[in-house]
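Chemist: My structure is below; once you've seen it, I'll send some questions.
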Amino acid sequence: MRWLLVFLLACSAPVKPSVTHLPATKLMDGDSSFIASERYKGSVVVLDFWAGWCAECKRSVPQVARLAKKFLAEGLVVVGVNAGDERAVAARYAAELGIAYPIALDPELELSDKLGGGRLPLLVVIDRDGSIVHRAKGVDEETLRVIRKLLHSPTAR
């Protein structure tokens with residue numbers, strides 16, 4: 001019964017936590033870890049929080065893939081952040097879903113919890129200064145507007 005409660009909470013509307021800047025939290029990339037706020041500093045970034053068990057995430061991944069492809073030449077960095085799955089499970093789901101953009105693991109849900117990723121799926125848009133400027137359940141018109149503005153702003157380069 002507990003798993004049902006976790007599932008229902010995780011697939012509900014995103015929470016807007018008070019975190020306004022990408023925290024210095026470690027993610028896994030292959031066999032190593034990195035600090036996301038350091039790695040992506042100076043870039044416009046979309047973090048797509050997902051998990052293999054989340055049905056809604058499976059529907060949103062193709063939207064995120066199209067987003068990554070559409071804005072790649074303009075410098076948008078899209079990273080799929082797997083929230084809580086083991087490495088092998090995340091890799092299997094990423095392959096099944098055809099995810100071609102980079103995947104990072106958040107096995108302890110450290111970053112996911114800080115940014116509201118306990119409610120999946122969650123897209124977080126981060127500006128070049130590391131400020132969180134937008135959160136959404138998926139790619140929508142507002143998300144696209146925010147990304148275009150960040151990528152084309154002459155003062156943001």
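Residue numbering restarts at 1 for every chain of the structure tokens, chains are lettered A, B, ... in their displayed order, and ligands are numbered from 1 as they appear.
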Excluding stretch 75-91 of chain A and residues on its chain fewer than 5 positions from it, collect all residues at most 8 Å away from it, counting only C-alpha atoms, and give them as a tab-separated table (two decimals) with N, CA and C atoms, in the first residue's frame.

Modeler:
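Below is the file part34.tsv, written as the result:
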chain	number	residue	atom	x	y	z
A	43	SER	N	25.49	28.05	-19.19
A	43	SER	CA	24.62	27.48	-20.21
A	43	SER	C	23.16	27.62	-19.81
A	44	VAL	N	22.31	27.65	-20.83
A	44	VAL	CA	20.87	27.53	-20.59
A	44	VAL	C	20.60	26.04	-20.54
A	45	VAL	N	19.98	25.58	-19.46
A	45	VAL	CA	19.85	24.15	-19.20
A	45	VAL	C	18.40	23.78	-18.91
A	46	VAL	N	18.00	22.64	-19.44
A	46	VAL	CA	16.73	22.03	-19.08
A	46	VAL	C	17.07	20.71	-18.40
A	47	LEU	N	16.65	20.58	-17.15
A	47	LEU	CA	16.76	19.31	-16.44
A	47	LEU	C	15.40	18.64	-16.49
A	48	ASP	N	15.37	17.44	-17.04
A	48	ASP	CA	14.14	16.67	-17.16
A	48	ASP	C	14.19	15.54	-16.15
A	49	PHE	N	13.47	15.69	-15.04
A	49	PHE	CA	13.46	14.67	-14.00
A	49	PHE	C	12.45	13.60	-14.37
A	50	TRP	N	12.90	12.34	-14.37
A	50	TRP	CA	12.05	11.22	-14.78
A	50	TRP	C	12.47	9.96	-14.02
A	51	ALA	N	11.62	8.95	-14.10
A	51	ALA	CA	11.93	7.63	-13.55
A	51	ALA	C	11.26	6.60	-14.44
A	52	GLY	N	11.83	5.42	-14.48
A	52	GLY	CA	11.32	4.37	-15.35
A	52	GLY	C	9.92	3.91	-15.00
A	68	ALA	N	15.26	18.96	-27.21
A	68	ALA	CA	16.73	18.87	-27.24
A	68	ALA	C	17.24	18.99	-28.67
A	101	TYR	N	19.68	12.33	-25.48
A	101	TYR	CA	20.36	13.41	-24.77
A	101	TYR	C	21.02	12.82	-23.52
A	102	PRO	N	21.96	13.55	-22.92
A	102	PRO	CA	22.69	13.02	-21.75
A	102	PRO	C	21.76	12.68	-20.59
A	103	ILE	N	22.13	11.63	-19.88
A	103	ILE	CA	21.40	11.19	-18.69
A	103	ILE	C	22.32	11.30	-17.48
A	104	ALA	N	21.79	11.84	-16.41
A	104	ALA	CA	22.48	11.88	-15.12
A	104	ALA	C	21.61	11.13	-14.13
A	105	LEU	N	22.24	10.55	-13.14
A	105	LEU	CA	21.52	9.80	-12.12
A	105	LEU	C	21.50	10.57	-10.81
A	106	ASP	N	20.35	10.54	-10.18
A	106	ASP	CA	20.18	11.12	-8.85
A	106	ASP	C	19.68	9.99	-7.95
A	107	PRO	N	20.57	9.04	-7.64
A	107	PRO	CA	20.14	7.81	-6.97
A	107	PRO	C	19.56	8.02	-5.57
A	108	GLU	N	20.00	9.03	-4.88
A	108	GLU	CA	19.51	9.30	-3.53
A	108	GLU	C	18.43	10.39	-3.52
A	109	LEU	N	18.03	10.83	-4.69
A	109	LEU	CA	16.99	11.85	-4.86
A	109	LEU	C	17.37	13.19	-4.22
A	112	SER	N	16.65	15.96	-6.87
A	112	SER	CA	15.23	15.84	-7.19
A	112	SER	C	14.36	16.40	-6.08
A	117	GLY	N	11.36	17.44	-7.63
A	117	GLY	CA	11.28	16.31	-8.54
A	117	GLY	C	10.66	15.08	-7.94
A	118	GLY	N	10.22	15.14	-6.69
A	118	GLY	CA	9.51	14.02	-6.10
A	118	GLY	C	8.15	13.85	-6.76
A	151	LEU	N	17.78	31.88	-24.68
A	151	LEU	CA	18.78	31.61	-25.72
A	151	LEU	C	19.06	32.81	-26.61

Chemist: As a PyMOL selection string, which residues of stretch 54-115 of chain A does DSSP assign to strand (DSSP E)?

Modeler: chain A and resi 77-83+103-106

Chemist: Include N, CA, C and O atoms and write out the residues we just selected as an mmCIF file, in the first residue's frame.

Modeler:
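Ended up saving to result_13.cif:
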data_model
loop_
_atom_site.group_PDB
_atom_site.id
_atom_site.type_symbol
_atom_site.label_atom_id
_atom_site.label_comp_id
_atom_site.auth_asym_id
_atom_site.auth_seq_id
_atom_site.Cartn_x
_atom_site.Cartn_y
_atom_site.Cartn_z
ATOM 1 N N VAL A 77 21.278 23.059 -23.382
ATOM 2 C CA VAL A 77 21.746 21.808 -22.782
ATOM 3 C C VAL A 77 20.540 21.137 -22.141
ATOM 4 O O VAL A 77 19.899 21.715 -21.267
ATOM 5 N N VAL A 78 20.228 19.929 -22.593
ATOM 6 C CA VAL A 78 19.130 19.162 -22.031
ATOM 7 C C VAL A 78 19.722 17.921 -21.374
ATOM 8 O O VAL A 78 20.497 17.191 -21.996
ATOM 9 N N VAL A 79 19.360 17.714 -20.113
ATOM 10 C CA VAL A 79 19.860 16.572 -19.359
ATOM 11 C C VAL A 79 18.675 15.860 -18.722
ATOM 12 O O VAL A 79 17.877 16.490 -18.025
ATOM 13 N N GLY A 80 18.569 14.583 -18.971
ATOM 14 C CA GLY A 80 17.563 13.767 -18.307
ATOM 15 C C GLY A 80 18.106 13.334 -16.963
ATOM 16 O O GLY A 80 19.156 12.694 -16.897
ATOM 17 N N VAL A 81 17.440 13.714 -15.893
ATOM 18 C CA VAL A 81 17.891 13.338 -14.552
ATOM 19 C C VAL A 81 16.990 12.215 -14.062
ATOM 20 O O VAL A 81 15.810 12.427 -13.780
ATOM 21 N N ASN A 82 17.564 11.018 -13.990
ATOM 22 C CA ASN A 82 16.794 9.887 -13.517
ATOM 23 C C ASN A 82 16.706 9.967 -11.998
ATOM 24 O O ASN A 82 17.720 10.040 -11.307
ATOM 25 N N ALA A 83 15.497 9.963 -11.501
ATOM 26 C CA ALA A 83 15.237 10.153 -10.079
ATOM 27 C C ALA A 83 15.040 8.816 -9.385
ATOM 28 O O ALA A 83 13.946 8.271 -9.372
ATOM 29 N N ILE A 103 22.132 11.631 -19.875
ATOM 30 C CA ILE A 103 21.397 11.186 -18.691
ATOM 31 C C ILE A 103 22.318 11.299 -17.481
ATOM 32 O O ILE A 103 23.483 10.908 -17.535
ATOM 33 N N ALA A 104 21.789 11.841 -16.414
ATOM 34 C CA ALA A 104 22.482 11.884 -15.124
ATOM 35 C C ALA A 104 21.613 11.129 -14.128
ATOM 36 O O ALA A 104 20.392 11.063 -14.277
ATOM 37 N N LEU A 105 22.243 10.555 -13.139
ATOM 38 C CA LEU A 105 21.521 9.797 -12.119
ATOM 39 C C LEU A 105 21.503 10.567 -10.808
ATOM 40 O O LEU A 105 22.505 11.136 -10.399
ATOM 41 N N ASP A 106 20.353 10.543 -10.182
ATOM 42 C CA ASP A 106 20.178 11.122 -8.854
ATOM 43 C C ASP A 106 19.677 9.989 -7.954
ATOM 44 O O ASP A 106 18.508 9.957 -7.567
#

Chemist: Write out as a PyMOL selection string each polymer residue whose atoms come within 9 Å of stretch 126-140 of chain A, counting only C-alpha atoms; drop sequence neighbours fewer than 4 positions from it.

Modeler: chain A and resi 13-16+19-23+37+40-48+57+60-61+63-64+67+119-122+144-147+150-151+156-157

Chemist: What does the structure give for the distance between atom CA of A:Arg66 and atom CA of A:Cys54, in Å to one decimal?

Modeler: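 Distance between the two atoms: 19.5 Å.
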
Chemist: Pick out each residue of stretch 12-157 of chain A that DSSP on the backbone tags as alpha helix (DSSP H); I need them as an MDAnalysis selection string.

Modeler: chainID A and resid 36:39 55:71 87:97 110:115 141:152

Chemist: Ranking A:Ile99, A:Leu111, A:Gly116, A:Glu141 by minimum distance to A:Pro62 and counting only C-alpha atoms, which one comes first?

Modeler: A:Ile99

Chemist: Using only C-alpha atoms, determine which residues lie at most 9 Å from A:Arg148, disregarding the query and same-chain residues fewer than 5 positions distant; provide the list as a PyMOL selection string.

Modeler: chain A and resi 71+143+153
